[in-house]
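Here the structure comes first, spelled out in structure tokens, and everything after it is commentary.
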Amino acid sequence: MKLSWLLPLTVISILGFCESSWAARLTYWKFNKPLGRVELITDEGVKPEAHFLSNPSRVIIDLPDTRILKAKRKKTARGTKFVREVRVGQFDRRTTRMVIELGSQYTLNPDNVEIRSSSPTRWFIQLPKVLPLDQVADQGREPISIDVPEVDSPPSWPSSPSMPPGRPTPSDPSPPSDPPSPSTPLPPVKVGGMVVAIDPGHGGADGGAVGIGGIQEKIVVFSISHQVAEQLRRKGVRAVLTRTGDQEVDLEPRVSMARRIGADLFVSIHANAISLSRPDINGLETYYYGSAQGYRLARAIHNRLLNSTSLQDRGVRQARFYVIRRTSMPATLVETGFVTGSQDAARFRSAAQRTKIAEAIAQGILDYIQRR
Ligand code: ZN
């Protein structure tokens, strides 16, 4: 998904649209360079959600239940040396996503991004002063939710002693102990009765991201997910896939299915993308939302993947992805690499490497179950 799934704009052309089912439209947008702000006109009822991602620095504005007016579907505005470009695309069938990407040497303080509306249909995303990266103290590489008054308040941190306050960075916090390396045999795991929902992202008309050589996210993640489920079943875990073939499943049914089957854990598997012009961006990102258990699950899987693949570490991050925000059980979303990255796309093309990724995810899930 998503997230952060920065879909290349080419994806837009392969998404099927069901025009009548959309609640709202983005009818106009513009990057106002002199004022350093993005201006939007939408139908009424749209509630933008904003996040900040770094490396490269990006402000992400999601418009849930919104589609782009047909004429505007593919759009990139070239920026300045401070704001490299602004892209708008249909992120998934329900969400329009705007990405404001800063120049590679710049960042900004996400706390100072302002989303204002002058009427129910007019929005301004005002960027603060853009700062040179080398003059800014390390803010970590975590996505940061930007407070938008009309939107759900950001998550409050649980008071669990194992979850430090504030935003974790990739180097901290550490789990209580490092997981054994994959070559160390694990002690027997009490997994009887555990139910794990494995959620292969996308499917059917929603192909997800498209990467180098036309590699498709939905196909890669299904191959991995299927093998994760197999690995878990061999260990006595009841693993259930939210899609069992190449069919389209909306996000809400994925979440409700997990609840219906009484899943103890929810693991969504995706592949990342940024832009076909950035094959240099590769690596693993593992997401959670809000809870300490979600963080620990994400961290366990992330560590196993780093140990057994050559994936670059882009951190365990927090983000408001639907499937990890709406699930009631500990949940994580793994972006197993970039289909637009030269190293990661090559890894995805290898059946042996996909199996390695799947084994590491399954092992991470078992690590988490064992240490609950
Ligand atoms: Zn995805």
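Just so we're on the same page: first chain in the structure tokens is A, next is B, and so on; residues restart at 1 for each chain, and ligands are numbered from 1 in the order they show up.
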Any chance you could tabulate, as a tab-separated table, the residues of chain A at most 12 Å from ligand 1 with each one's nearest atom pair and distance in Å to one decimal, using only C-alpha atoms and all ligand atoms, in chain and rising number order?
residue	atom	partner	partner_atom_place_in_ligand_line	distance
A:Met1	CA	ligand 1	1 (Zn)	2.4
A:Lys2	CA	ligand 1	1 (Zn)	4.7
A:Leu3	CA	ligand 1	1 (Zn)	6.1
A:Ser4	CA	ligand 1	1 (Zn)	8.0
A:Trp5	CA	ligand 1	1 (Zn)	5.7
A:Leu6	CA	ligand 1	1 (Zn)	8.7
A:Leu7	CA	ligand 1	1 (Zn)	8.3
A:Pro8	CA	ligand 1	1 (Zn)	11.5
A:Val11	CA	ligand 1	1 (Zn)	11.3
A:Phe91	CA	ligand 1	1 (Zn)	9.1
A:Asp92	CA	ligand 1	1 (Zn)	8.6
A:Arg93	CA	ligand 1	1 (Zn)	11.8
A:Asp199	CA	ligand 1	1 (Zn)	10.6
A:Pro200	CA	ligand 1	1 (Zn)	8.6
A:Gly201	CA	ligand 1	1 (Zn)	5.3
A:His202	CA	ligand 1	1 (Zn)	6.3
A:Gly203	CA	ligand 1	1 (Zn)	9.8
A:Asp206	CA	ligand 1	1 (Zn)	9.6
A:Gly207	CA	ligand 1	1 (Zn)	8.6
A:Gly208	CA	ligand 1	1 (Zn)	5.2
A:Ala209	CA	ligand 1	1 (Zn)	6.4
A:Val210	CA	ligand 1	1 (Zn)	9.9
A:Gly211	CA	ligand 1	1 (Zn)	11.8
A:Gln216	CA	ligand 1	1 (Zn)	10.0
A:Glu217	CA	ligand 1	1 (Zn)	6.6
A:Lys218	CA	ligand 1	1 (Zn)	7.6
A:Ile219	CA	ligand 1	1 (Zn)	10.9
A:Val220	CA	ligand 1	1 (Zn)	10.4
A:Val221	CA	ligand 1	1 (Zn)	8.5
A:Phe222	CA	ligand 1	1 (Zn)	11.1
A:Leu251	CA	ligand 1	1 (Zn)	11.3
A:Ser268	CA	ligand 1	1 (Zn)	9.0
A:Ile269	CA	ligand 1	1 (Zn)	7.6
A:His270	CA	ligand 1	1 (Zn)	4.5
A:Ala271	CA	ligand 1	1 (Zn)	5.5
A:Asn272	CA	ligand 1	1 (Zn)	6.4
A:Ala273	CA	ligand 1	1 (Zn)	8.4
A:Ile274	CA	ligand 1	1 (Zn)	11.4
A:Glu285	CA	ligand 1	1 (Zn)	11.9
A:Phe321	CA	ligand 1	1 (Zn)	10.4
A:Tyr322	CA	ligand 1	1 (Zn)	11.6
A:Val323	CA	ligand 1	1 (Zn)	11.2
A:Leu333	CA	ligand 1	1 (Zn)	9.3
A:Val334	CA	ligand 1	1 (Zn)	9.2
A:Glu335	CA	ligand 1	1 (Zn)	7.5
A:Thr336	CA	ligand 1	1 (Zn)	9.8
A:Gly337	CA	ligand 1	1 (Zn)	10.6
A:Phe338	CA	ligand 1	1 (Zn)	10.2
A:Val339	CA	ligand 1	1 (Zn)	10.3
Contacts of Leu265 of chain A at 7 Å or less, counting only C-alpha atoms, minus same-chain residues fewer than 5 places along, as a PDB file with C-alpha atoms, in the first residue's frame?
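For reference, result_13.pdb as written:
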ATOM      1  CA  VAL A 195      -4.313 -16.974  14.171  1.00  0.00           C
ATOM      2  CA  VAL A 196      -2.436 -14.603  11.873  1.00  0.00           C
ATOM      3  CA  ALA A 197      -4.016 -12.641   9.024  1.00  0.00           C
ATOM      4  CA  MET A 329      -5.193  -6.619  16.873  1.00  0.00           C
ATOM      5  CA  PRO A 330      -1.452  -5.797  16.733  1.00  0.00           C
ATOM      6  CA  ALA A 331      -0.782  -4.948  13.108  1.00  0.00           C
TER       7      ALA A 331
END
Which of these residues is nearest to Ser291 of chain A, using only C-alpha atoms: A:Arg326, A:Arg349, A:Arg254, A:Arg58?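 Smallest separation from Ser291 of chain A among the options: A:Arg326.
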Can you check which residues of segment 269-363 of chain A DSSP gives as strand (DSSP E or B) on the backbone and send them as an mmCIF file with C-alpha atoms, in the first residue's frame?
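Produced file states12.cif, reproduced below:
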data_model
loop_
_atom_site.group_PDB
_atom_site.id
_atom_site.type_symbol
_atom_site.label_atom_id
_atom_site.label_comp_id
_atom_site.auth_asym_id
_atom_site.auth_seq_id
_atom_site.Cartn_x
_atom_site.Cartn_y
_atom_site.Cartn_z
ATOM 1 C CA ILE A 269 2.733 -7.099 2.850
ATOM 2 C CA HIS A 270 3.537 -4.487 0.233
ATOM 3 C CA ALA A 271 6.271 -3.248 -2.041
ATOM 4 C CA ASN A 272 7.269 0.372 -2.092
ATOM 5 C CA ALA A 273 7.723 2.780 -4.974
ATOM 6 C CA LEU A 284 12.949 -1.829 3.855
ATOM 7 C CA GLU A 285 10.324 0.181 5.746
ATOM 8 C CA THR A 286 8.095 -1.439 8.340
ATOM 9 C CA TYR A 287 5.084 0.434 9.665
ATOM 10 C CA TYR A 288 2.921 0.340 12.741
ATOM 11 C CA ASP A 313 17.387 -0.213 6.599
ATOM 12 C CA ARG A 314 14.917 2.639 6.137
ATOM 13 C CA GLY A 315 13.512 2.183 9.579
ATOM 14 C CA VAL A 316 10.491 1.107 11.574
ATOM 15 C CA ARG A 317 8.036 3.929 11.142
ATOM 16 C CA GLN A 318 4.651 5.042 12.271
ATOM 17 C CA ALA A 331 -0.782 -4.948 13.108
ATOM 18 C CA THR A 332 2.080 -4.058 10.843
ATOM 19 C CA LEU A 333 2.590 -3.161 7.218
ATOM 20 C CA VAL A 334 5.859 -4.220 5.633
ATOM 21 C CA GLU A 335 7.178 -2.417 2.575
ATOM 22 C CA THR A 336 9.521 -5.183 1.484
ATOM 23 C CA GLY A 337 11.591 -2.993 -0.854
ATOM 24 C CA PHE A 338 11.098 -0.605 -3.765
#
With only C-alpha atoms as the atoms that count, which of A:Gly364, A:Gly36, A:Gly213, A:Gly245 lies nearest to Phe124 of chain A?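 Using only C-alpha atoms, Phe124 of chain A sits closest to A:Gly36.
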Give me the residues within 6 Å of segment 94-106 of chain A as a PDB file with all heavy atoms, in the first residue's frame, counting only C-alpha atoms and dropping any in the same chain fewer than 3 places off.
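Written output follows (around24.pdb):
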ATOM      1  N   SER A  57      13.019  14.158   1.774  1.00  0.00           N
ATOM      2  CA  SER A  57      11.972  14.808   2.561  1.00  0.00           C
ATOM      3  C   SER A  57      10.730  15.031   1.706  1.00  0.00           C
ATOM      4  O   SER A  57      10.810  15.601   0.625  1.00  0.00           O
ATOM      5  CB  SER A  57      12.468  16.161   3.073  1.00  0.00           C
ATOM      6  OG  SER A  57      13.585  15.979   3.910  1.00  0.00           O
ATOM      7  N   ARG A  58       9.600  14.553   2.215  1.00  0.00           N
ATOM      8  CA  ARG A  58       8.342  14.684   1.480  1.00  0.00           C
ATOM      9  C   ARG A  58       7.215  14.999   2.440  1.00  0.00           C
ATOM     10  O   ARG A  58       7.142  14.419   3.518  1.00  0.00           O
ATOM     11  CB  ARG A  58       7.972  13.358   0.795  1.00  0.00           C
ATOM     12  CG  ARG A  58       8.787  12.998  -0.408  1.00  0.00           C
ATOM     13  CD  ARG A  58       8.795  11.486  -0.625  1.00  0.00           C
ATOM     14  NE  ARG A  58       9.636  10.818   0.368  1.00  0.00           N
ATOM     15  CZ  ARG A  58       9.581   9.528   0.651  1.00  0.00           C
ATOM     16  NH1 ARG A  58       8.722   8.742   0.048  1.00  0.00           N
ATOM     17  NH2 ARG A  58      10.363   9.010   1.572  1.00  0.00           N
ATOM     18  N   VAL A  59       6.363  15.889   2.035  1.00  0.00           N
ATOM     19  CA  VAL A  59       5.103  16.080   2.743  1.00  0.00           C
ATOM     20  C   VAL A  59       4.052  15.349   1.922  1.00  0.00           C
ATOM     21  O   VAL A  59       3.929  15.574   0.719  1.00  0.00           O
ATOM     22  CB  VAL A  59       4.752  17.577   2.866  1.00  0.00           C
ATOM     23  CG1 VAL A  59       3.387  17.745   3.525  1.00  0.00           C
ATOM     24  CG2 VAL A  59       5.833  18.319   3.666  1.00  0.00           C
ATOM     25  N   ILE A  60       3.342  14.434   2.580  1.00  0.00           N
ATOM     26  CA  ILE A  60       2.334  13.624   1.904  1.00  0.00           C
ATOM     27  C   ILE A  60       0.963  14.133   2.334  1.00  0.00           C
ATOM     28  O   ILE A  60       0.679  14.192   3.538  1.00  0.00           O
ATOM     29  CB  ILE A  60       2.445  12.136   2.345  1.00  0.00           C
ATOM     30  CG1 ILE A  60       3.888  11.630   2.266  1.00  0.00           C
ATOM     31  CG2 ILE A  60       1.470  11.259   1.576  1.00  0.00           C
ATOM     32  CD1 ILE A  60       4.427  11.471   0.902  1.00  0.00           C
ATOM     33  N   ILE A  61       0.136  14.455   1.388  1.00  0.00           N
ATOM     34  CA  ILE A  61      -1.233  14.869   1.710  1.00  0.00           C
ATOM     35  C   ILE A  61      -2.164  13.837   1.089  1.00  0.00           C
ATOM     36  O   ILE A  61      -2.198  13.693  -0.139  1.00  0.00           O
ATOM     37  CB  ILE A  61      -1.568  16.256   1.100  1.00  0.00           C
ATOM     38  CG1 ILE A  61      -0.490  17.297   1.433  1.00  0.00           C
ATOM     39  CG2 ILE A  61      -2.963  16.709   1.529  1.00  0.00           C
ATOM     40  CD1 ILE A  61      -0.398  17.677   2.881  1.00  0.00           C
ATOM     41  N   ASP A  62      -2.889  13.115   1.921  1.00  0.00           N
ATOM     42  CA  ASP A  62      -3.860  12.146   1.423  1.00  0.00           C
ATOM     43  C   ASP A  62      -5.263  12.728   1.520  1.00  0.00           C
ATOM     44  O   ASP A  62      -5.624  13.333   2.533  1.00  0.00           O
ATOM     45  CB  ASP A  62      -3.808  10.849   2.244  1.00  0.00           C
ATOM     46  CG  ASP A  62      -2.660   9.952   1.809  1.00  0.00           C
ATOM     47  OD1 ASP A  62      -2.123  10.175   0.703  1.00  0.00           O
ATOM     48  OD2 ASP A  62      -2.308   9.033   2.566  1.00  0.00           O
ATOM     49  N   LEU A  63      -6.028  12.517   0.469  1.00  0.00           N
ATOM     50  CA  LEU A  63      -7.430  12.935   0.457  1.00  0.00           C
ATOM     51  C   LEU A  63      -8.267  11.661   0.398  1.00  0.00           C
ATOM     52  O   LEU A  63      -8.439  11.077  -0.672  1.00  0.00           O
ATOM     53  CB  LEU A  63      -7.706  13.820  -0.764  1.00  0.00           C
ATOM     54  CG  LEU A  63      -6.776  15.029  -0.957  1.00  0.00           C
ATOM     55  CD1 LEU A  63      -7.074  15.731  -2.273  1.00  0.00           C
ATOM     56  CD2 LEU A  63      -6.919  16.006   0.197  1.00  0.00           C
ATOM     57  N   PRO A  64      -8.740  11.188   1.564  1.00  0.00           N
ATOM     58  CA  PRO A  64      -9.493   9.934   1.579  1.00  0.00           C
ATOM     59  C   PRO A  64     -10.808  10.064   0.822  1.00  0.00           C
ATOM     60  O   PRO A  64     -11.408  11.132   0.793  1.00  0.00           O
ATOM     61  CB  PRO A  64      -9.751   9.674   3.068  1.00  0.00           C
ATOM     62  CG  PRO A  64      -8.820  10.572   3.802  1.00  0.00           C
ATOM     63  CD  PRO A  64      -8.582  11.750   2.911  1.00  0.00           C
ATOM     64  N   ASP A  65     -11.238   8.963   0.238  1.00  0.00           N
ATOM     65  CA  ASP A  65     -12.497   8.912  -0.502  1.00  0.00           C
ATOM     66  C   ASP A  65     -12.603  10.023  -1.533  1.00  0.00           C
ATOM     67  O   ASP A  65     -13.628  10.684  -1.652  1.00  0.00           O
ATOM     68  CB  ASP A  65     -13.691   8.950   0.463  1.00  0.00           C
ATOM     69  CG  ASP A  65     -13.861   7.610   1.164  1.00  0.00           C
ATOM     70  OD1 ASP A  65     -13.686   6.577   0.502  1.00  0.00           O
ATOM     71  OD2 ASP A  65     -14.149   7.610   2.375  1.00  0.00           O
ATOM     72  N   THR A  66     -11.518  10.223  -2.234  1.00  0.00           N
ATOM     73  CA  THR A  66     -11.482  11.298  -3.220  1.00  0.00           C
ATOM     74  C   THR A  66     -10.824  10.776  -4.488  1.00  0.00           C
ATOM     75  O   THR A  66      -9.866  10.005  -4.427  1.00  0.00           O
ATOM     76  CB  THR A  66     -10.649  12.481  -2.674  1.00  0.00           C
ATOM     77  OG1 THR A  66     -11.192  12.889  -1.435  1.00  0.00           O
ATOM     78  CG2 THR A  66     -10.650  13.661  -3.640  1.00  0.00           C
ATOM     79  N   ARG A  67     -11.353  11.196  -5.623  1.00  0.00           N
ATOM     80  CA  ARG A  67     -10.660  10.879  -6.865  1.00  0.00           C
ATOM     81  C   ARG A  67     -10.249  12.179  -7.539  1.00  0.00           C
ATOM     82  O   ARG A  67     -10.793  13.246  -7.242  1.00  0.00           O
ATOM     83  CB  ARG A  67     -11.555  10.059  -7.793  1.00  0.00           C
ATOM     84  CG  ARG A  67     -12.734  10.831  -8.340  1.00  0.00           C
ATOM     85  CD  ARG A  67     -13.567   9.952  -9.261  1.00  0.00           C
ATOM     86  NE  ARG A  67     -14.803  10.619  -9.633  1.00  0.00           N
ATOM     87  CZ  ARG A  67     -14.910  11.465 -10.646  1.00  0.00           C
ATOM     88  NH1 ARG A  67     -13.865  11.762 -11.383  1.00  0.00           N
ATOM     89  NH2 ARG A  67     -16.075  12.027 -10.925  1.00  0.00           N
ATOM     90  N   LYS A  81      14.484  24.943  -6.448  1.00  0.00           N
ATOM     91  CA  LYS A  81      15.536  24.103  -5.869  1.00  0.00           C
ATOM     92  C   LYS A  81      15.161  23.651  -4.454  1.00  0.00           C
ATOM     93  O   LYS A  81      15.680  22.664  -3.958  1.00  0.00           O
ATOM     94  CB  LYS A  81      16.891  24.810  -5.901  1.00  0.00           C
ATOM     95  CG  LYS A  81      17.098  25.850  -4.848  1.00  0.00           C
ATOM     96  CD  LYS A  81      18.556  26.321  -4.864  1.00  0.00           C
ATOM     97  CE  LYS A  81      18.731  27.455  -3.890  1.00  0.00           C
ATOM     98  NZ  LYS A  81      20.109  27.816  -3.619  1.00  0.00           N
ATOM     99  N   PHE A  82      14.241  24.352  -3.819  1.00  0.00           N
ATOM    100  CA  PHE A  82      13.809  23.978  -2.461  1.00  0.00           C
ATOM    101  C   PHE A  82      12.729  22.896  -2.487  1.00  0.00           C
ATOM    102  O   PHE A  82      12.767  21.958  -1.712  1.00  0.00           O
ATOM    103  CB  PHE A  82      13.283  25.199  -1.719  1.00  0.00           C
ATOM    104  CG  PHE A  82      14.284  26.314  -1.640  1.00  0.00           C
ATOM    105  CD1 PHE A  82      14.049  27.520  -2.290  1.00  0.00           C
ATOM    106  CD2 PHE A  82      15.461  26.148  -0.930  1.00  0.00           C
ATOM    107  CE1 PHE A  82      14.982  28.539  -2.225  1.00  0.00           C
ATOM    108  CE2 PHE A  82      16.399  27.167  -0.864  1.00  0.00           C
ATOM    109  CZ  PHE A  82      16.163  28.375  -1.519  1.00  0.00           C
ATOM    110  N   VAL A  83      11.765  23.083  -3.347  1.00  0.00           N
ATOM    111  CA  VAL A  83      10.694  22.092  -3.492  1.00  0.00           C
ATOM    112  C   VAL A  83      10.863  21.496  -4.879  1.00  0.00           C
ATOM    113  O   VAL A  83      10.596  22.144  -5.879  1.00  0.00           O
ATOM    114  CB  VAL A  83       9.310  22.748  -3.357  1.00  0.00           C
ATOM    115  CG1 VAL A  83       8.208  21.715  -3.582  1.00  0.00           C
ATOM    116  CG2 VAL A  83       9.159  23.383  -1.981  1.00  0.00           C
ATOM    117  N   ARG A  84      11.347  20.258  -4.928  1.00  0.00           N
ATOM    118  CA  ARG A  84      11.734  19.679  -6.208  1.00  0.00           C
ATOM    119  C   ARG A  84      10.529  19.537  -7.135  1.00  0.00           C
ATOM    120  O   ARG A  84      10.555  19.955  -8.277  1.00  0.00           O
ATOM    121  CB  ARG A  84      12.354  18.302  -5.943  1.00  0.00           C
ATOM    122  CG  ARG A  84      12.900  17.612  -7.161  1.00  0.00           C
ATOM    123  CD  ARG A  84      13.696  16.377  -6.722  1.00  0.00           C
ATOM    124  NE  ARG A  84      14.112  15.599  -7.869  1.00  0.00           N
ATOM    125  CZ  ARG A  84      13.443  14.544  -8.329  1.00  0.00           C
ATOM    126  NH1 ARG A  84      12.345  14.145  -7.744  1.00  0.00           N
ATOM    127  NH2 ARG A  84      13.892  13.881  -9.382  1.00  0.00           N
ATOM    128  N   GLU A  85       9.472  18.924  -6.613  1.00  0.00           N
ATOM    129  CA  GLU A  85       8.266  18.827  -7.425  1.00  0.00           C
ATOM    130  C   GLU A  85       7.072  18.478  -6.558  1.00  0.00           C
ATOM    131  O   GLU A  85       7.218  18.050  -5.410  1.00  0.00           O
ATOM    132  CB  GLU A  85       8.404  17.791  -8.548  1.00  0.00           C
ATOM    133  CG  GLU A  85       8.536  16.368  -8.062  1.00  0.00           C
ATOM    134  CD  GLU A  85       8.636  15.357  -9.214  1.00  0.00           C
ATOM    135  OE1 GLU A  85       9.083  15.729 -10.315  1.00  0.00           O
ATOM    136  OE2 GLU A  85       8.263  14.197  -8.989  1.00  0.00           O
ATOM    137  N   VAL A  86       5.911  18.696  -7.125  1.00  0.00           N
ATOM    138  CA  VAL A  86       4.665  18.315  -6.459  1.00  0.00           C
ATOM    139  C   VAL A  86       3.951  17.367  -7.418  1.00  0.00           C
ATOM    140  O   VAL A  86       3.795  17.671  -8.597  1.00  0.00           O
ATOM    141  CB  VAL A  86       3.790  19.548  -6.171  1.00  0.00           C
ATOM    142  CG1 VAL A  86       2.503  19.124  -5.473  1.00  0.00           C
ATOM    143  CG2 VAL A  86       4.555  20.551  -5.304  1.00  0.00           C
ATOM    144  N   ARG A  87       3.578  16.197  -6.889  1.00  0.00           N
ATOM    145  CA  ARG A  87       2.925  15.199  -7.737  1.00  0.00           C
ATOM    146  C   ARG A  87       1.553  14.886  -7.157  1.00  0.00           C
ATOM    147  O   ARG A  87       1.397  14.828  -5.937  1.00  0.00           O
ATOM    148  CB  ARG A  87       3.693  13.869  -7.744  1.00  0.00           C
ATOM    149  CG  ARG A  87       5.141  13.975  -8.069  1.00  0.00           C
ATOM    150  CD  ARG A  87       5.749  12.587  -8.200  1.00  0.00           C
ATOM    151  NE  ARG A  87       6.065  11.954  -6.917  1.00  0.00           N
ATOM    152  CZ  ARG A  87       7.200  12.152  -6.250  1.00  0.00           C
ATOM    153  NH1 ARG A  87       8.116  12.975  -6.725  1.00  0.00           N
ATOM    154  NH2 ARG A  87       7.424  11.534  -5.112  1.00  0.00           N
ATOM    155  N   VAL A  88       0.618  14.632  -8.007  1.00  0.00           N
ATOM    156  CA  VAL A  88      -0.697  14.208  -7.547  1.00  0.00           C
ATOM    157  C   VAL A  88      -1.057  12.943  -8.293  1.00  0.00           C
ATOM    158  O   VAL A  88      -0.863  12.859  -9.503  1.00  0.00           O
ATOM    159  CB  VAL A  88      -1.744  15.306  -7.806  1.00  0.00           C
ATOM    160  CG1 VAL A  88      -3.132  14.811  -7.456  1.00  0.00           C
ATOM    161  CG2 VAL A  88      -1.422  16.534  -6.973  1.00  0.00           C
ATOM    162  N   GLY A  89      -1.532  11.963  -7.583  1.00  0.00           N
ATOM    163  CA  GLY A  89      -1.913  10.716  -8.235  1.00  0.00           C
ATOM    164  C   GLY A  89      -3.014  10.025  -7.469  1.00  0.00           C
ATOM    165  O   GLY A  89      -3.331  10.384  -6.336  1.00  0.00           O
ATOM    166  N   GLN A  90      -3.612   9.018  -8.125  1.00  0.00           N
ATOM    167  CA  GLN A  90      -4.607   8.206  -7.444  1.00  0.00           C
ATOM    168  C   GLN A  90      -3.826   7.124  -6.722  1.00  0.00           C
ATOM    169  O   GLN A  90      -3.303   6.214  -7.341  1.00  0.00           O
ATOM    170  CB  GLN A  90      -5.591   7.619  -8.461  1.00  0.00           C
ATOM    171  CG  GLN A  90      -6.894   7.194  -7.830  1.00  0.00           C
ATOM    172  CD  GLN A  90      -7.674   8.386  -7.281  1.00  0.00           C
ATOM    173  OE1 GLN A  90      -7.761   9.426  -7.901  1.00  0.00           O
ATOM    174  NE2 GLN A  90      -8.233   8.237  -6.092  1.00  0.00           N
ATOM    175  N   PHE A  91      -3.726   7.249  -5.408  1.00  0.00           N
ATOM    176  CA  PHE A  91      -2.881   6.355  -4.619  1.00  0.00           C
ATOM    177  C   PHE A  91      -3.477   4.961  -4.571  1.00  0.00           C
ATOM    178  O   PHE A  91      -2.805   3.962  -4.774  1.00  0.00           O
ATOM    179  CB  PHE A  91      -2.740   6.945  -3.229  1.00  0.00           C
ATOM    180  CG  PHE A  91      -2.041   6.045  -2.276  1.00  0.00           C
ATOM    181  CD1 PHE A  91      -0.780   5.574  -2.558  1.00  0.00           C
ATOM    182  CD2 PHE A  91      -2.653   5.674  -1.097  1.00  0.00           C
ATOM    183  CE1 PHE A  91      -0.135   4.748  -1.679  1.00  0.00           C
ATOM    184  CE2 PHE A  91      -2.007   4.848  -0.215  1.00  0.00           C
ATOM    185  CZ  PHE A  91      -0.752   4.384  -0.507  1.00  0.00           C
ATOM    186  N   LEU A 131      14.704  24.306   4.938  1.00  0.00           N
ATOM    187  CA  LEU A 131      16.027  24.463   5.556  1.00  0.00           C
ATOM    188  C   LEU A 131      17.031  23.510   4.918  1.00  0.00           C
ATOM    189  O   LEU A 131      16.680  22.388   4.564  1.00  0.00           O
ATOM    190  CB  LEU A 131      15.929  24.116   7.051  1.00  0.00           C
ATOM    191  CG  LEU A 131      14.861  24.881   7.830  1.00  0.00           C
ATOM    192  CD1 LEU A 131      14.566  24.180   9.143  1.00  0.00           C
ATOM    193  CD2 LEU A 131      15.321  26.311   8.056  1.00  0.00           C
ATOM    194  N   PRO A 132      18.288  23.936   4.814  1.00  0.00           N
ATOM    195  CA  PRO A 132      19.307  22.995   4.328  1.00  0.00           C
ATOM    196  C   PRO A 132      19.454  21.845   5.310  1.00  0.00           C
ATOM    197  O   PRO A 132      19.490  22.052   6.519  1.00  0.00           O
ATOM    198  CB  PRO A 132      20.588  23.832   4.277  1.00  0.00           C
ATOM    199  CG  PRO A 132      20.137  25.256   4.350  1.00  0.00           C
ATOM    200  CD  PRO A 132      18.841  25.265   5.091  1.00  0.00           C
ATOM    201  N   LEU A 133      19.519  20.622   4.768  1.00  0.00           N
ATOM    202  CA  LEU A 133      19.604  19.416   5.615  1.00  0.00           C
ATOM    203  C   LEU A 133      20.775  19.493   6.587  1.00  0.00           C
ATOM    204  O   LEU A 133      20.653  19.108   7.743  1.00  0.00           O
ATOM    205  CB  LEU A 133      19.829  18.185   4.732  1.00  0.00           C
ATOM    206  CG  LEU A 133      18.624  17.365   4.315  1.00  0.00           C
ATOM    207  CD1 LEU A 133      19.100  16.206   3.459  1.00  0.00           C
ATOM    208  CD2 LEU A 133      17.864  16.858   5.534  1.00  0.00           C
TER     209      LEU A 133
END
Nearby residues (only C-alpha atoms) at most 10 Å from Ile261 of chain A, same-chain spacing under 2 positions excluded, as a PDB file with N, CA, C and O atoms, in the first residue's frame:
ATOM      1  N   VAL A 195      -3.761 -17.230  15.509  1.00  0.00           N
ATOM      2  CA  VAL A 195      -4.313 -16.974  14.171  1.00  0.00           C
ATOM      3  C   VAL A 195      -3.670 -15.689  13.646  1.00  0.00           C
ATOM      4  O   VAL A 195      -3.669 -14.670  14.332  1.00  0.00           O
ATOM      5  N   VAL A 196      -3.094 -15.775  12.455  1.00  0.00           N
ATOM      6  CA  VAL A 196      -2.436 -14.603  11.873  1.00  0.00           C
ATOM      7  C   VAL A 196      -3.054 -14.306  10.510  1.00  0.00           C
ATOM      8  O   VAL A 196      -3.131 -15.191   9.650  1.00  0.00           O
ATOM      9  N   ALA A 197      -3.520 -13.073  10.336  1.00  0.00           N
ATOM     10  CA  ALA A 197      -4.016 -12.641   9.024  1.00  0.00           C
ATOM     11  C   ALA A 197      -2.832 -12.109   8.227  1.00  0.00           C
ATOM     12  O   ALA A 197      -2.121 -11.221   8.681  1.00  0.00           O
ATOM     13  N   VAL A 240      -4.134 -17.063   7.661  1.00  0.00           N
ATOM     14  CA  VAL A 240      -5.231 -16.864   6.717  1.00  0.00           C
ATOM     15  C   VAL A 240      -4.889 -15.681   5.820  1.00  0.00           C
ATOM     16  O   VAL A 240      -4.525 -14.604   6.306  1.00  0.00           O
ATOM     17  N   SER A 256     -12.111  -6.287   8.259  1.00  0.00           N
ATOM     18  CA  SER A 256     -13.236  -6.988   8.899  1.00  0.00           C
ATOM     19  C   SER A 256     -13.027  -8.499   8.857  1.00  0.00           C
ATOM     20  O   SER A 256     -13.440  -9.208   9.769  1.00  0.00           O
ATOM     21  N   MET A 257     -12.347  -8.987   7.817  1.00  0.00           N
ATOM     22  CA  MET A 257     -12.069 -10.422   7.767  1.00  0.00           C
ATOM     23  C   MET A 257     -11.156 -10.825   8.928  1.00  0.00           C
ATOM     24  O   MET A 257     -11.375 -11.848   9.585  1.00  0.00           O
ATOM     25  N   ALA A 258     -10.153 -10.009   9.188  1.00  0.00           N
ATOM     26  CA  ALA A 258      -9.222 -10.312  10.284  1.00  0.00           C
ATOM     27  C   ALA A 258      -9.990 -10.396  11.603  1.00  0.00           C
ATOM     28  O   ALA A 258      -9.742 -11.272  12.434  1.00  0.00           O
ATOM     29  N   ARG A 259     -10.932  -9.485  11.778  1.00  0.00           N
ATOM     30  CA  ARG A 259     -11.723  -9.480  13.014  1.00  0.00           C
ATOM     31  C   ARG A 259     -12.597 -10.734  13.072  1.00  0.00           C
ATOM     32  O   ARG A 259     -12.685 -11.411  14.087  1.00  0.00           O
ATOM     33  N   ALA A 263      -8.322 -13.050  14.282  1.00  0.00           N
ATOM     34  CA  ALA A 263      -6.863 -12.984  14.123  1.00  0.00           C
ATOM     35  C   ALA A 263      -6.227 -12.341  15.349  1.00  0.00           C
ATOM     36  O   ALA A 263      -6.731 -11.364  15.893  1.00  0.00           O
ATOM     37  N   ASP A 264      -5.106 -12.925  15.766  1.00  0.00           N
ATOM     38  CA  ASP A 264      -4.328 -12.346  16.865  1.00  0.00           C
ATOM     39  C   ASP A 264      -3.367 -11.283  16.350  1.00  0.00           C
ATOM     40  O   ASP A 264      -2.961 -10.396  17.094  1.00  0.00           O
TER      41      ASP A 264
END
Can you list, as an MDAnalysis selection string, every protein, DNA or RNA residue that comes within 10 Å of Val46 of chain A when you count only C-alpha atoms, leaving out same-chain residues fewer than 2 positions away? chainID A and resid 23:26 41:44 48:49 62:66 120:123 150:151
